[in-house]
>>> print(open('upload.cif').read())   # mmCIF, C-alpha atoms and all ligand atoms
data_upload
loop_
_atom_site.group_PDB
_atom_site.id
_atom_site.type_symbol
_atom_site.label_atom_id
_atom_site.label_comp_id
_atom_site.auth_asym_id
_atom_site.auth_seq_id
_atom_site.Cartn_x
_atom_site.Cartn_y
_atom_site.Cartn_z
ATOM 1 C CA MET Q 366 15.250 -109.264 27.259
ATOM 2 C CA ASN Q 367 11.666 -110.131 26.408
ATOM 3 C CA GLU Q 368 8.849 -107.869 27.452
ATOM 4 C CA ALA Q 369 5.977 -109.356 29.459
ATOM 5 C CA VAL Q 370 2.762 -109.735 27.464
ATOM 6 C CA PRO Q 371 0.493 -106.941 28.704
ATOM 7 C CA GLU Q 372 -2.910 -107.924 30.126
ATOM 8 C CA TRP Q 373 -4.780 -106.380 27.203
ATOM 9 C CA SER Q 374 -3.012 -108.554 24.640
ATOM 10 C CA PRO Q 375 -5.117 -111.097 22.767
ATOM 11 C CA ALA Q 376 -4.130 -114.762 22.868
ATOM 12 C CA GLY Q 377 -1.332 -115.852 20.600
ATOM 13 C CA ILE Q 378 0.711 -112.654 20.792
ATOM 14 C CA ASP Q 379 4.475 -113.121 20.951
ATOM 15 C CA PRO Q 380 6.043 -109.797 21.890
ATOM 16 C CA ALA Q 381 9.529 -111.116 21.059
ATOM 17 C CA VAL Q 382 8.722 -111.552 17.365
ATOM 18 C CA PRO Q 383 8.126 -108.308 15.467
ATOM 19 C CA THR Q 384 5.011 -108.155 13.287
ATOM 20 C CA THR Q 385 4.317 -105.913 10.300
ATOM 21 C CA ALA Q 386 1.376 -104.185 11.985
ATOM 22 C CA ARG Q 387 3.284 -103.424 15.183
ATOM 23 C CA VAL Q 388 6.533 -102.380 13.472
ATOM 24 C CA TYR Q 389 4.575 -100.029 11.190
ATOM 25 C CA ASP Q 390 2.835 -98.632 14.274
ATOM 26 C CA ALA Q 391 6.264 -98.092 15.910
ATOM 27 C CA ILE Q 392 7.581 -96.373 12.768
ATOM 28 C CA LEU Q 393 4.552 -94.057 12.772
ATOM 29 C CA GLY Q 394 5.252 -93.200 16.433
ATOM 30 C CA GLY Q 395 2.314 -95.205 17.859
ATOM 31 C CA ARG Q 396 2.222 -97.005 21.213
ATOM 32 C CA ASP Q 397 0.743 -100.385 20.262
ATOM 33 C CA ASN Q 398 4.074 -102.162 19.926
ATOM 34 C CA PHE Q 399 6.724 -104.035 21.891
ATOM 35 C CA LYS Q 400 10.496 -103.720 22.300
ATOM 36 C CA ALA Q 401 11.190 -106.170 19.459
ATOM 37 C CA ASP Q 402 8.975 -104.062 17.173
ATOM 38 C CA ARG Q 403 10.758 -100.845 18.148
ATOM 39 C CA GLU Q 404 14.118 -102.502 17.505
ATOM 40 C CA ALA Q 405 12.896 -103.547 14.071
ATOM 41 C CA ALA Q 406 11.627 -99.995 13.493
ATOM 42 C CA ASP Q 407 15.150 -98.780 14.340
ATOM 43 C CA VAL Q 408 16.533 -100.978 11.562
ATOM 44 C CA PHE Q 409 14.170 -99.191 9.160
ATOM 45 C CA THR Q 410 15.248 -95.741 10.304
ATOM 46 C CA ARG Q 411 18.942 -96.695 10.197
ATOM 47 C CA ARG Q 412 18.531 -97.790 6.592
ATOM 48 C CA VAL Q 413 16.092 -95.021 5.613
ATOM 49 C CA PRO Q 414 16.427 -92.103 8.054
ATOM 50 C CA GLN Q 415 13.076 -90.692 6.932
ATOM 51 C CA ALA Q 416 11.184 -94.000 7.123
ATOM 52 C CA ARG Q 417 8.622 -92.337 9.431
ATOM 53 C CA GLU Q 418 8.014 -89.538 6.947
ATOM 54 C CA ALA Q 419 7.662 -92.140 4.184
ATOM 55 C CA ALA Q 420 5.054 -94.061 6.218
ATOM 56 C CA ARG Q 421 3.232 -90.806 6.939
ATOM 57 C CA LEU Q 422 3.142 -90.000 3.227
ATOM 58 C CA ASN Q 423 1.538 -93.401 2.702
ATOM 59 C CA ARG Q 424 -1.026 -92.721 5.461
ATOM 60 C CA ALA Q 425 -1.838 -89.332 3.961
ATOM 61 C CA ALA Q 426 -2.328 -90.977 0.549
ATOM 62 C CA LEU Q 427 -4.620 -93.553 2.210
ATOM 63 C CA ILE Q 428 -6.853 -90.773 3.520
ATOM 64 C CA ARG Q 429 -6.889 -88.977 0.138
ATOM 65 C CA GLY Q 430 -7.811 -92.214 -1.627
ATOM 66 C CA VAL Q 431 -10.676 -92.873 0.794
ATOM 67 C CA ARG Q 432 -11.940 -89.313 0.368
ATOM 68 C CA TYR Q 433 -11.780 -89.659 -3.409
ATOM 69 C CA MET Q 434 -13.750 -92.911 -3.371
ATOM 70 C CA VAL Q 435 -16.428 -91.688 -0.961
ATOM 71 C CA ARG Q 436 -16.786 -88.058 -2.066
ATOM 72 C CA TRP Q 437 -16.237 -88.290 -5.821
ATOM 73 C CA ALA Q 438 -16.973 -91.897 -6.748
ATOM 74 C CA GLY Q 439 -19.956 -92.383 -4.407
ATOM 75 C CA ILE Q 440 -18.459 -95.472 -2.773
ATOM 76 C CA ASP Q 441 -20.242 -96.114 0.528
ATOM 77 C CA GLN Q 442 -18.814 -99.513 1.441
ATOM 78 C CA ILE Q 443 -15.147 -100.322 1.861
ATOM 79 C CA LEU Q 444 -13.230 -103.555 2.395
ATOM 80 C CA ASP Q 445 -9.844 -102.484 3.810
ATOM 81 C CA ILE Q 446 -7.482 -105.486 3.804
ATOM 82 C CA GLY Q 447 -4.184 -105.138 5.677
ATOM 83 C CA CYS Q 448 -5.696 -102.206 7.540
ATOM 84 C CA GLY Q 449 -3.067 -102.159 10.306
ATOM 85 C CA LEU Q 450 -3.446 -100.966 13.891
ATOM 86 C CA PRO Q 451 -5.651 -97.939 14.496
ATOM 87 C CA THR Q 452 -3.690 -94.714 14.176
ATOM 88 C CA GLU Q 453 -4.278 -90.958 14.033
ATOM 89 C CA GLN Q 454 -6.929 -91.010 11.320
ATOM 90 C CA ASN Q 455 -8.388 -94.234 10.008
ATOM 91 C CA THR Q 456 -10.307 -95.321 6.923
ATOM 92 C CA HIS Q 457 -13.720 -95.339 8.623
ATOM 93 C CA GLU Q 458 -13.175 -91.873 10.113
ATOM 94 C CA ALA Q 459 -12.227 -90.377 6.732
ATOM 95 C CA ALA Q 460 -15.147 -92.157 5.008
ATOM 96 C CA GLN Q 461 -17.796 -91.419 7.652
ATOM 97 C CA GLU Q 462 -16.764 -87.757 7.888
ATOM 98 C CA ILE Q 463 -18.061 -87.472 4.304
ATOM 99 C CA ASN Q 464 -20.835 -90.071 4.451
ATOM 100 C CA PRO Q 465 -21.836 -90.989 8.028
ATOM 101 C CA GLY Q 466 -23.616 -94.079 6.686
ATOM 102 C CA ALA Q 467 -20.535 -95.466 4.909
ATOM 103 C CA ARG Q 468 -19.753 -99.038 5.946
ATOM 104 C CA VAL Q 469 -16.188 -100.217 6.491
ATOM 105 C CA VAL Q 470 -14.954 -103.760 7.039
ATOM 106 C CA TYR Q 471 -11.362 -103.934 8.225
ATOM 107 C CA VAL Q 472 -9.374 -107.126 7.627
ATOM 108 C CA ASP Q 473 -5.919 -107.945 8.972
ATOM 109 C CA ASN Q 474 -4.144 -111.187 9.794
ATOM 110 C CA ASP Q 475 -2.593 -109.776 12.981
ATOM 111 C CA PRO Q 476 -4.844 -110.588 15.986
ATOM 112 C CA MET Q 477 -3.752 -107.413 17.765
ATOM 113 C CA VAL Q 478 -5.518 -105.382 15.065
ATOM 114 C CA LEU Q 479 -8.807 -107.073 15.978
ATOM 115 C CA SER Q 480 -8.544 -106.341 19.703
ATOM 116 C CA HIS Q 481 -7.485 -102.721 19.219
ATOM 117 C CA GLY Q 482 -9.996 -102.189 16.441
ATOM 118 C CA ARG Q 483 -12.872 -103.568 18.523
ATOM 119 C CA ALA Q 484 -11.942 -101.236 21.374
ATOM 120 C CA LEU Q 485 -11.940 -98.254 19.026
ATOM 121 C CA LEU Q 486 -15.189 -99.241 17.331
ATOM 122 C CA VAL Q 487 -17.256 -100.135 20.364
ATOM 123 C CA ASP Q 488 -19.870 -97.442 19.552
ATOM 124 C CA ASN Q 489 -19.661 -97.687 15.780
ATOM 125 C CA ARG Q 490 -22.410 -99.776 14.148
ATOM 126 C CA THR Q 491 -21.217 -99.395 10.557
ATOM 127 C CA THR Q 492 -17.599 -100.497 10.963
ATOM 128 C CA THR Q 493 -16.261 -103.904 11.845
ATOM 129 C CA VAL Q 494 -12.919 -105.744 12.096
ATOM 130 C CA VAL Q 495 -12.223 -109.287 10.948
ATOM 131 C CA THR Q 496 -9.088 -111.392 11.411
ATOM 132 C CA ALA Q 497 -8.346 -113.082 8.096
ATOM 133 C CA ASP Q 498 -5.520 -113.573 5.633
ATOM 134 C CA MET Q 499 -5.466 -111.991 2.202
ATOM 135 C CA ARG Q 500 -3.860 -115.159 0.857
ATOM 136 C CA ASP Q 501 -7.220 -116.861 1.469
ATOM 137 C CA PRO Q 502 -9.480 -114.648 -0.668
ATOM 138 C CA ALA Q 503 -12.307 -117.214 -0.674
ATOM 139 C CA GLY Q 504 -12.246 -117.224 3.126
ATOM 140 C CA ILE Q 505 -12.504 -113.422 3.244
ATOM 141 C CA LEU Q 506 -15.346 -113.347 0.716
ATOM 142 C CA ALA Q 507 -17.283 -116.038 2.571
ATOM 143 C CA ASN Q 508 -16.671 -114.555 6.007
ATOM 144 C CA PRO Q 509 -20.089 -113.996 7.677
ATOM 145 C CA GLU Q 510 -19.145 -110.547 9.006
ATOM 146 C CA VAL Q 511 -17.941 -109.465 5.571
ATOM 147 C CA ARG Q 512 -21.162 -110.741 3.961
ATOM 148 C CA ALA Q 513 -23.360 -109.181 6.644
ATOM 149 C CA ASN Q 514 -21.785 -105.748 6.363
ATOM 150 C CA LEU Q 515 -21.206 -105.355 2.632
ATOM 151 C CA ASP Q 516 -23.758 -105.535 -0.191
ATOM 152 C CA PHE Q 517 -22.030 -107.356 -3.040
ATOM 153 C CA ASP Q 518 -24.705 -106.214 -5.508
ATOM 154 C CA ARG Q 519 -23.383 -102.650 -5.246
ATOM 155 C CA PRO Q 520 -19.867 -101.190 -5.789
ATOM 156 C CA ILE Q 521 -17.312 -101.770 -3.053
ATOM 157 C CA GLY Q 522 -13.990 -100.012 -2.531
ATOM 158 C CA LEU Q 523 -11.323 -102.681 -2.032
ATOM 159 C CA MET Q 524 -8.243 -101.293 -0.287
ATOM 160 C CA LEU Q 525 -4.849 -102.993 -0.272
ATOM 161 C CA VAL Q 526 -2.863 -100.047 1.016
ATOM 162 C CA GLY Q 527 0.717 -100.580 2.163
ATOM 163 C CA MET Q 528 0.267 -104.334 2.259
ATOM 164 C CA ILE Q 529 0.668 -105.942 -1.186
ATOM 165 C CA MET Q 530 4.487 -105.759 -0.786
ATOM 166 C CA HIS Q 531 4.079 -108.296 2.024
ATOM 167 C CA ILE Q 532 2.680 -110.913 -0.370
ATOM 168 C CA ALA Q 533 5.531 -112.861 -1.995
ATOM 169 C CA GLY Q 534 5.772 -113.103 -5.764
ATOM 170 C CA ASP Q 535 5.371 -116.892 -5.617
ATOM 171 C CA GLU Q 536 2.121 -116.412 -3.667
ATOM 172 C CA SER Q 537 0.679 -114.868 -6.871
ATOM 173 C CA PRO Q 538 -0.535 -111.461 -5.623
ATOM 174 C CA ASP Q 539 -2.330 -110.719 -8.896
ATOM 175 C CA GLU Q 540 -4.291 -113.955 -8.726
ATOM 176 C CA ILE Q 541 -5.327 -113.135 -5.167
ATOM 177 C CA ILE Q 542 -6.391 -109.621 -6.226
ATOM 178 C CA GLY Q 543 -8.301 -111.132 -9.147
ATOM 179 C CA ALA Q 544 -10.128 -113.532 -6.830
ATOM 180 C CA LEU Q 545 -11.076 -110.642 -4.521
ATOM 181 C CA MET Q 546 -12.251 -108.399 -7.380
ATOM 182 C CA GLU Q 547 -14.122 -111.123 -9.246
ATOM 183 C CA PRO Q 548 -17.402 -111.088 -7.242
ATOM 184 C CA LEU Q 549 -17.436 -107.299 -6.840
ATOM 185 C CA ALA Q 550 -20.028 -105.293 -8.774
ATOM 186 C CA SER Q 551 -19.167 -103.104 -11.756
ATOM 187 C CA GLY Q 552 -18.069 -99.681 -10.515
ATOM 188 C CA SER Q 553 -16.116 -101.203 -7.628
ATOM 189 C CA HIS Q 554 -12.738 -99.615 -6.965
ATOM 190 C CA LEU Q 555 -9.319 -101.122 -6.251
ATOM 191 C CA PHE Q 556 -7.082 -98.780 -4.257
ATOM 192 C CA LEU Q 557 -3.530 -99.855 -3.487
ATOM 193 C CA THR Q 558 -0.145 -98.459 -2.581
ATOM 194 C CA ALA Q 559 3.093 -100.362 -3.099
ATOM 195 C CA TRP Q 560 6.887 -100.041 -2.973
ATOM 196 C CA PRO Q 561 8.373 -99.357 -6.417
ATOM 197 C CA ASP Q 562 11.804 -100.574 -7.466
ATOM 198 C CA THR Q 563 13.317 -98.281 -10.052
ATOM 199 C CA GLY Q 564 16.881 -98.953 -8.906
ATOM 200 C CA ASP Q 565 16.782 -96.149 -6.330
ATOM 201 C CA PRO Q 566 18.929 -96.844 -3.204
ATOM 202 C CA ALA Q 567 16.206 -95.617 -0.782
ATOM 203 C CA GLN Q 568 13.683 -98.044 -2.282
ATOM 204 C CA HIS Q 569 16.182 -100.859 -1.945
ATOM 205 C CA ALA Q 570 17.071 -99.880 1.640
ATOM 206 C CA LEU Q 571 13.407 -99.859 2.734
ATOM 207 C CA SER Q 572 12.773 -103.268 1.224
ATOM 208 C CA GLN Q 573 15.975 -104.682 2.751
ATOM 209 C CA ALA Q 574 15.032 -103.406 6.224
ATOM 210 C CA SER Q 575 11.637 -105.063 5.899
ATOM 211 C CA LEU Q 576 12.963 -108.363 4.568
ATOM 212 C CA GLU Q 577 15.600 -108.444 7.312
ATOM 213 C CA THR Q 578 13.210 -107.752 10.207
ATOM 214 C CA LEU Q 579 9.864 -109.166 9.010
ATOM 215 C CA GLY Q 580 10.810 -111.588 6.238
ATOM 216 C CA THR Q 581 8.471 -109.823 3.790
ATOM 217 C CA GLY Q 582 8.427 -106.485 1.953
ATOM 218 C CA TRP Q 583 9.328 -106.637 -1.704
ATOM 219 C CA ALA Q 584 9.822 -103.483 -3.797
ATOM 220 C CA ARG Q 585 8.677 -104.230 -7.350
ATOM 221 C CA PRO Q 586 9.195 -102.719 -10.821
ATOM 222 C CA VAL Q 587 6.570 -100.096 -11.646
ATOM 223 C CA GLU Q 588 5.112 -102.217 -14.452
ATOM 224 C CA ARG Q 589 4.735 -105.121 -12.038
ATOM 225 C CA ILE Q 590 2.797 -102.849 -9.662
ATOM 226 C CA ARG Q 591 0.676 -101.658 -12.579
ATOM 227 C CA GLY Q 592 -0.106 -105.335 -13.191
ATOM 228 C CA HIS Q 593 -1.794 -105.497 -9.758
ATOM 229 C CA PHE Q 594 -4.625 -103.427 -11.296
ATOM 230 C CA LEU Q 595 -5.366 -106.306 -13.692
ATOM 231 C CA GLY Q 596 -5.761 -104.020 -16.723
ATOM 232 C CA MET Q 597 -8.650 -102.062 -15.154
ATOM 233 C CA PRO Q 598 -8.628 -98.327 -15.986
ATOM 234 C CA LEU Q 599 -6.913 -96.087 -13.430
ATOM 235 C CA VAL Q 600 -8.451 -92.816 -12.269
ATOM 236 C CA PRO Q 601 -6.281 -89.680 -12.775
ATOM 237 C CA PRO Q 602 -3.417 -89.208 -12.075
ATOM 238 C CA GLY Q 603 -2.908 -92.964 -12.606
ATOM 239 C CA LEU Q 604 -0.173 -94.859 -10.776
ATOM 240 C CA GLU Q 605 1.999 -92.159 -9.201
ATOM 241 C CA TYR Q 606 4.503 -91.495 -6.438
ATOM 242 C CA VAL Q 607 2.459 -90.484 -3.407
ATOM 243 C CA PRO Q 608 3.687 -86.847 -3.225
ATOM 244 C CA ARG Q 609 2.276 -86.427 -6.738
ATOM 245 C CA TRP Q 610 -0.930 -88.421 -6.153
ATOM 246 C CA TYR Q 611 -4.021 -86.277 -5.463
ATOM 247 C CA PRO Q 612 -6.983 -88.041 -7.109
ATOM 248 C CA GLU Q 613 -9.472 -85.750 -5.323
ATOM 249 C CA GLU Q 614 -7.644 -82.614 -6.566
ATOM 250 C CA PRO Q 615 -6.648 -83.341 -10.172
ATOM 251 C CA ASP Q 616 -5.683 -79.697 -10.833
ATOM 252 C CA ARG Q 617 -3.367 -79.411 -7.846
ATOM 253 C CA LYS Q 618 0.200 -78.304 -8.630
ATOM 254 C CA VAL Q 619 2.392 -81.228 -7.524
ATOM 255 C CA PRO Q 620 6.174 -81.378 -6.971
ATOM 256 C CA ALA Q 621 8.402 -82.527 -9.832
ATOM 257 C CA PHE Q 622 9.851 -86.003 -9.397
ATOM 258 C CA ASP Q 623 13.399 -84.600 -9.787
ATOM 259 C CA ASP Q 624 12.837 -82.423 -6.688
ATOM 260 C CA PHE Q 625 11.941 -85.414 -4.489
ATOM 261 C CA GLU Q 626 13.898 -86.426 -1.400
ATOM 262 C CA PRO Q 627 14.897 -90.120 -1.633
ATOM 263 C CA TYR Q 628 12.196 -91.230 0.855
ATOM 264 C CA GLU Q 629 9.529 -89.589 -1.319
ATOM 265 C CA ARG Q 630 10.224 -92.206 -4.005
ATOM 266 C CA THR Q 631 9.363 -95.190 -1.804
ATOM 267 C CA TYR Q 632 5.557 -95.443 -2.189
ATOM 268 C CA MET Q 633 3.327 -95.320 -5.257
ATOM 269 C CA ALA Q 634 -0.489 -95.207 -5.240
ATOM 270 C CA GLY Q 635 -3.278 -95.862 -7.681
ATOM 271 C CA ILE Q 636 -7.025 -96.434 -7.873
ATOM 272 C CA ALA Q 637 -8.649 -98.491 -10.630
ATOM 273 C CA VAL Q 638 -12.344 -98.926 -11.427
ATOM 274 C CA LYS Q 639 -13.934 -102.236 -12.367
ATOM 275 C CA PRO Q 640 -15.737 -101.714 -15.695
HETATM 276 C C1 LIG G 701 2.350 -101.624 6.686
HETATM 277 S S1 LIG G 701 0.821 -102.085 7.360
HETATM 278 C C2 LIG G 701 -0.275 -101.049 6.425
HETATM 279 C C3 LIG G 701 -1.425 -100.512 7.230
HETATM 280 C C4 LIG G 701 -2.340 -99.562 6.489
HETATM 281 N N1 LIG G 701 -3.046 -100.249 5.424
HETATM 282 C C5 LIG G 701 -1.569 -98.405 5.924
HETATM 283 O O1 LIG G 701 -1.221 -98.433 4.729
HETATM 284 O O2 LIG G 701 -1.279 -97.452 6.637
HETATM 285 C C6 LIG G 701 0.541 -103.667 6.571
HETATM 286 C C7 LIG G 701 -0.586 -104.455 7.224
HETATM 287 O O3 LIG G 701 -0.900 -105.587 6.412
HETATM 288 C C8 LIG G 701 -1.146 -106.677 7.277
HETATM 289 N N2 LIG G 701 -0.912 -107.903 6.487
HETATM 290 C C9 LIG G 701 0.261 -108.366 6.010
HETATM 291 N N3 LIG G 701 0.069 -109.507 5.336
HETATM 292 C C10 LIG G 701 -1.257 -109.783 5.419
HETATM 293 C C11 LIG G 701 -2.076 -110.838 4.929
HETATM 294 N N4 LIG G 701 -1.536 -111.851 4.233
HETATM 295 N N5 LIG G 701 -3.398 -110.804 5.180
HETATM 296 C C12 LIG G 701 -3.941 -109.777 5.894
HETATM 297 N N6 LIG G 701 -3.221 -108.756 6.380
HETATM 298 C C13 LIG G 701 -1.889 -108.751 6.148
HETATM 299 C C14 LIG G 701 -0.190 -106.506 8.425
HETATM 300 O O4 LIG G 701 -0.593 -107.206 9.594
HETATM 301 C C15 LIG G 701 -0.213 -104.993 8.598
HETATM 302 O O5 LIG G 701 -1.190 -104.592 9.538
#
>>> encode(input="upload.cif", output="structure tokens", more="lines below")
Ligand SMILES: C[S@@+](CC[C@H](N)C(=O)[O-])C[C@H]1O[C@@H](n2cnc3c(N)ncnc32)[C@H](O)[C@@H]1O
Amino acid sequence: MNEAVPEWSPAGIDPAVPTTARVYDAILGGRDNFKADREAADVFTRRVPQAREAARLNRAALIRGVRYMVRWAGIDQILDIGCGLPTEQNTHEAAQEINPGARVVYVDNDPMVLSHGRALLVDNRTTTVVTADMRDPAGILANPEVRANLDFDRPIGLMLVGMIMHIAGDESPDEIIGALMEPLASGSHLFLTAWPDTGDPAQHALSQASLETLGTGWARPVERIRGHFLGMPLVPPGLEYVPRWYPEEPDRKVPAFDDFEPYERTYMAGIAVKP
């Protein structure tokens, strides 16, 4: 049975059709989702019992990556594409905890992200949310709110965290990334996480659950993910599984890959710097 659309929902929301943002919110244990999203989230947890833990590892890596960029690389403006619904700790909170003046522009193609983001950011003058699609990089770069909030003459941190797997291979993700990076100043950073495919059953199960419920979500060979960085140099530790990825603590003792639980092999992260 379909759920009624709650009063707070923006126009164009269909609660009967799961969306990536809402299903991810349901997997993380959030409340900004509908029955169809929770049913889709159940498919994920049936296929990968620790899907929630995997998503939380990705969120934790997101926060570490933001802290690295703001604290150690001096990035004070971030374009976070595929930002998702607000959750426990968000990009702007992690960035502004270190640099209260850091500017963050959130972009997502799900209109619910805009309404929830605006509500969260009502008192925040340095953070904004835009509804746009990554597959239209020119549209994002020309967007008046993006232009008004980011200074393209200085380095920008471009984030594509947990979202590049939702761009199909025949939509040319690397070309889109190239178009987004092209106008950014030298010293800009590209931070992404993605689903690797090394033949591991948990990786396959996660991708299958996503393709079955959302129609997108491709796990890709590690070298294909490395290609997303367009040959730009990666900051240590390079492209790594998230439990081993601590760019802000390069000396940290990290677990050996062979000791991983299957779900710990489902996300990889990396940050590259534009020369
Ligand atoms: C799994 S969530 C990731 C959220 C957050 N970045 C994180 O890693 O925790 C993926 C997000 O990407 C968004 N997304 C998917 N395809 C997109 C596109 N073509 N353009 C913009 N956003 C997109 C979805 O709406 C969703 O909010």
>>> residues_near_ligand(input="upload.cif", ligand="ligand LIG 701 (chain G)", cutoff="9 Å", atoms="all atoms listed in the file", output="NGL selection string")
:Q and (384-390 or 420-421 or 423-427 or 445-452 or 455-456 or 472-478 or 496-501 or 524-532 or 557-558 or 581)
>>> write_last_selection(input="upload.cif", atoms="C-alpha atoms", output="JSON list (two decimals), in the coordinates of the input")
[["chain", "number", "residue", "atom", "x", "y", "z"],
["Q", 384, "THR", "CA", 5.01, -108.16, 13.29],
["Q", 385, "THR", "CA", 4.32, -105.91, 10.30],
["Q", 386, "ALA", "CA", 1.38, -104.18, 11.98],
["Q", 387, "ARG", "CA", 3.28, -103.42, 15.18],
["Q", 388, "VAL", "CA", 6.53, -102.38, 13.47],
["Q", 389, "TYR", "CA", 4.58, -100.03, 11.19],
["Q", 390, "ASP", "CA", 2.84, -98.63, 14.27],
["Q", 420, "ALA", "CA", 5.05, -94.06, 6.22],
["Q", 421, "ARG", "CA", 3.23, -90.81, 6.94],
["Q", 423, "ASN", "CA", 1.54, -93.40, 2.70],
["Q", 424, "ARG", "CA", -1.03, -92.72, 5.46],
["Q", 425, "ALA", "CA", -1.84, -89.33, 3.96],
["Q", 426, "ALA", "CA", -2.33, -90.98, 0.55],
["Q", 427, "LEU", "CA", -4.62, -93.55, 2.21],
["Q", 445, "ASP", "CA", -9.84, -102.48, 3.81],
["Q", 446, "ILE", "CA", -7.48, -105.49, 3.80],
["Q", 447, "GLY", "CA", -4.18, -105.14, 5.68],
["Q", 448, "CYS", "CA", -5.70, -102.21, 7.54],
["Q", 449, "GLY", "CA", -3.07, -102.16, 10.31],
["Q", 450, "LEU", "CA", -3.45, -100.97, 13.89],
["Q", 451, "PRO", "CA", -5.65, -97.94, 14.50],
["Q", 452, "THR", "CA", -3.69, -94.71, 14.18],
["Q", 455, "ASN", "CA", -8.39, -94.23, 10.01],
["Q", 456, "THR", "CA", -10.31, -95.32, 6.92],
["Q", 472, "VAL", "CA", -9.37, -107.13, 7.63],
["Q", 473, "ASP", "CA", -5.92, -107.94, 8.97],
["Q", 474, "ASN", "CA", -4.14, -111.19, 9.79],
["Q", 475, "ASP", "CA", -2.59, -109.78, 12.98],
["Q", 476, "PRO", "CA", -4.84, -110.59, 15.99],
["Q", 477, "MET", "CA", -3.75, -107.41, 17.76],
["Q", 478, "VAL", "CA", -5.52, -105.38, 15.06],
["Q", 496, "THR", "CA", -9.09, -111.39, 11.41],
["Q", 497, "ALA", "CA", -8.35, -113.08, 8.10],
["Q", 498, "ASP", "CA", -5.52, -113.57, 5.63],
["Q", 499, "MET", "CA", -5.47, -111.99, 2.20],
["Q", 500, "ARG", "CA", -3.86, -115.16, 0.86],
["Q", 501, "ASP", "CA", -7.22, -116.86, 1.47],
["Q", 524, "MET", "CA", -8.24, -101.29, -0.29],
["Q", 525, "LEU", "CA", -4.85, -102.99, -0.27],
["Q", 526, "VAL", "CA", -2.86, -100.05, 1.02],
["Q", 527, "GLY", "CA", 0.72, -100.58, 2.16],
["Q", 528, "MET", "CA", 0.27, -104.33, 2.26],
["Q", 529, "ILE", "CA", 0.67, -105.94, -1.19],
["Q", 530, "MET", "CA", 4.49, -105.76, -0.79],
["Q", 531, "HIS", "CA", 4.08, -108.30, 2.02],
["Q", 532, "ILE", "CA", 2.68, -110.91, -0.37],
["Q", 557, "LEU", "CA", -3.53, -99.86, -3.49],
["Q", 558, "THR", "CA", -0.14, -98.46, -2.58],
["Q", 581, "THR", "CA", 8.47, -109.82, 3.79]]
>>> residues_around(input="upload.cif", residues="range 615-620 of chain Q", least_positions_apart="5", cutoff="10 Å", atoms="all atoms listed in the file", output="ChimeraX atom specification")
/Q:600-602,608-610,625
>>> write_last_selection(input="upload.cif", atoms="C-alpha atoms", output="compact mmCIF listing (two decimals), keeping the file's coordinate frame")
# COMPACT_ATOMS: atom_id res chain seq x y z
CA VAL Q 600 -8.45 -92.82 -12.27
CA PRO Q 601 -6.28 -89.68 -12.78
CA PRO Q 602 -3.42 -89.21 -12.08
CA PRO Q 608 3.69 -86.85 -3.22
CA ARG Q 609 2.28 -86.43 -6.74
CA TRP Q 610 -0.93 -88.42 -6.15
CA PHE Q 625 11.94 -85.41 -4.49
>>> residues_near_point(input="upload.cif", point="(7.1, -90.7, 6.6)", cutoff="12 Å", atoms="all atoms listed in the file", output="VMD selection string")
chain Q and resid 389 to 394 409 to 410 413 to 426 571 607 to 608 626 to 632
>>> resolve_selection(input="upload.cif", expression="the PyMOL selection byres (((chain Q and resi 542) around 10) and not hetatm)", output="mmCIF file with C-alpha atoms, keeping the file's coordinate frame")
data_model
loop_
_atom_site.group_PDB
_atom_site.id
_atom_site.type_symbol
_atom_site.label_atom_id
_atom_site.label_comp_id
_atom_site.auth_asym_id
_atom_site.auth_seq_id
_atom_site.Cartn_x
_atom_site.Cartn_y
_atom_site.Cartn_z
ATOM 1 C CA MET Q 499 -5.466 -111.991 2.202
ATOM 2 C CA ARG Q 500 -3.860 -115.159 0.857
ATOM 3 C CA PRO Q 502 -9.480 -114.648 -0.668
ATOM 4 C CA LEU Q 523 -11.323 -102.681 -2.032
ATOM 5 C CA LEU Q 525 -4.849 -102.993 -0.272
ATOM 6 C CA ILE Q 529 0.668 -105.942 -1.186
ATOM 7 C CA SER Q 537 0.679 -114.868 -6.871
ATOM 8 C CA PRO Q 538 -0.535 -111.461 -5.623
ATOM 9 C CA ASP Q 539 -2.330 -110.719 -8.896
ATOM 10 C CA GLU Q 540 -4.291 -113.955 -8.726
ATOM 11 C CA ILE Q 541 -5.327 -113.135 -5.167
ATOM 12 C CA GLY Q 543 -8.301 -111.132 -9.147
ATOM 13 C CA ALA Q 544 -10.128 -113.532 -6.830
ATOM 14 C CA LEU Q 545 -11.076 -110.642 -4.521
ATOM 15 C CA MET Q 546 -12.251 -108.399 -7.380
ATOM 16 C CA GLU Q 547 -14.122 -111.123 -9.246
ATOM 17 C CA LEU Q 555 -9.319 -101.122 -6.251
ATOM 18 C CA HIS Q 593 -1.794 -105.497 -9.758
ATOM 19 C CA PHE Q 594 -4.625 -103.427 -11.296
ATOM 20 C CA LEU Q 595 -5.366 -106.306 -13.692
#
>>> atom_distance(input="upload.cif", atom1="CA of Pro383 in chain Q", atom2="CA of Gly582 in chain Q")
13.6 Å
>>> closest_residue(input="upload.cif", among="Q:Arg512, Q:Asp379, Q:Trp437, Q:Gln573", to="Glu614 in chain Q", atoms="all atoms listed in the file")
Q:Trp437
>>> closest_residue(input="upload.cif", among="Q:Phe517, Q:Tyr471, Q:Phe556, Q:Tyr606", to="Leu486 in chain Q", atoms="all atoms listed in the file")
Q:Tyr471
>>> atom_distance(input="upload.cif", atom1="CA of Arg519 in chain Q", atom2="CA of Ala459 in chain Q")
20.5 Å
>>> atom_distance(input="upload.cif", atom1="CA of Asp516 in chain Q", atom2="CA of His457 in chain Q")
16.8 Å
>>> closest_residue(input="upload.cif", among="Q:Lys400, Q:Ala406, Q:Pro598, Q:Gly564", to="Thr578 in chain Q", atoms="all atoms listed in the file")
Q:Ala406
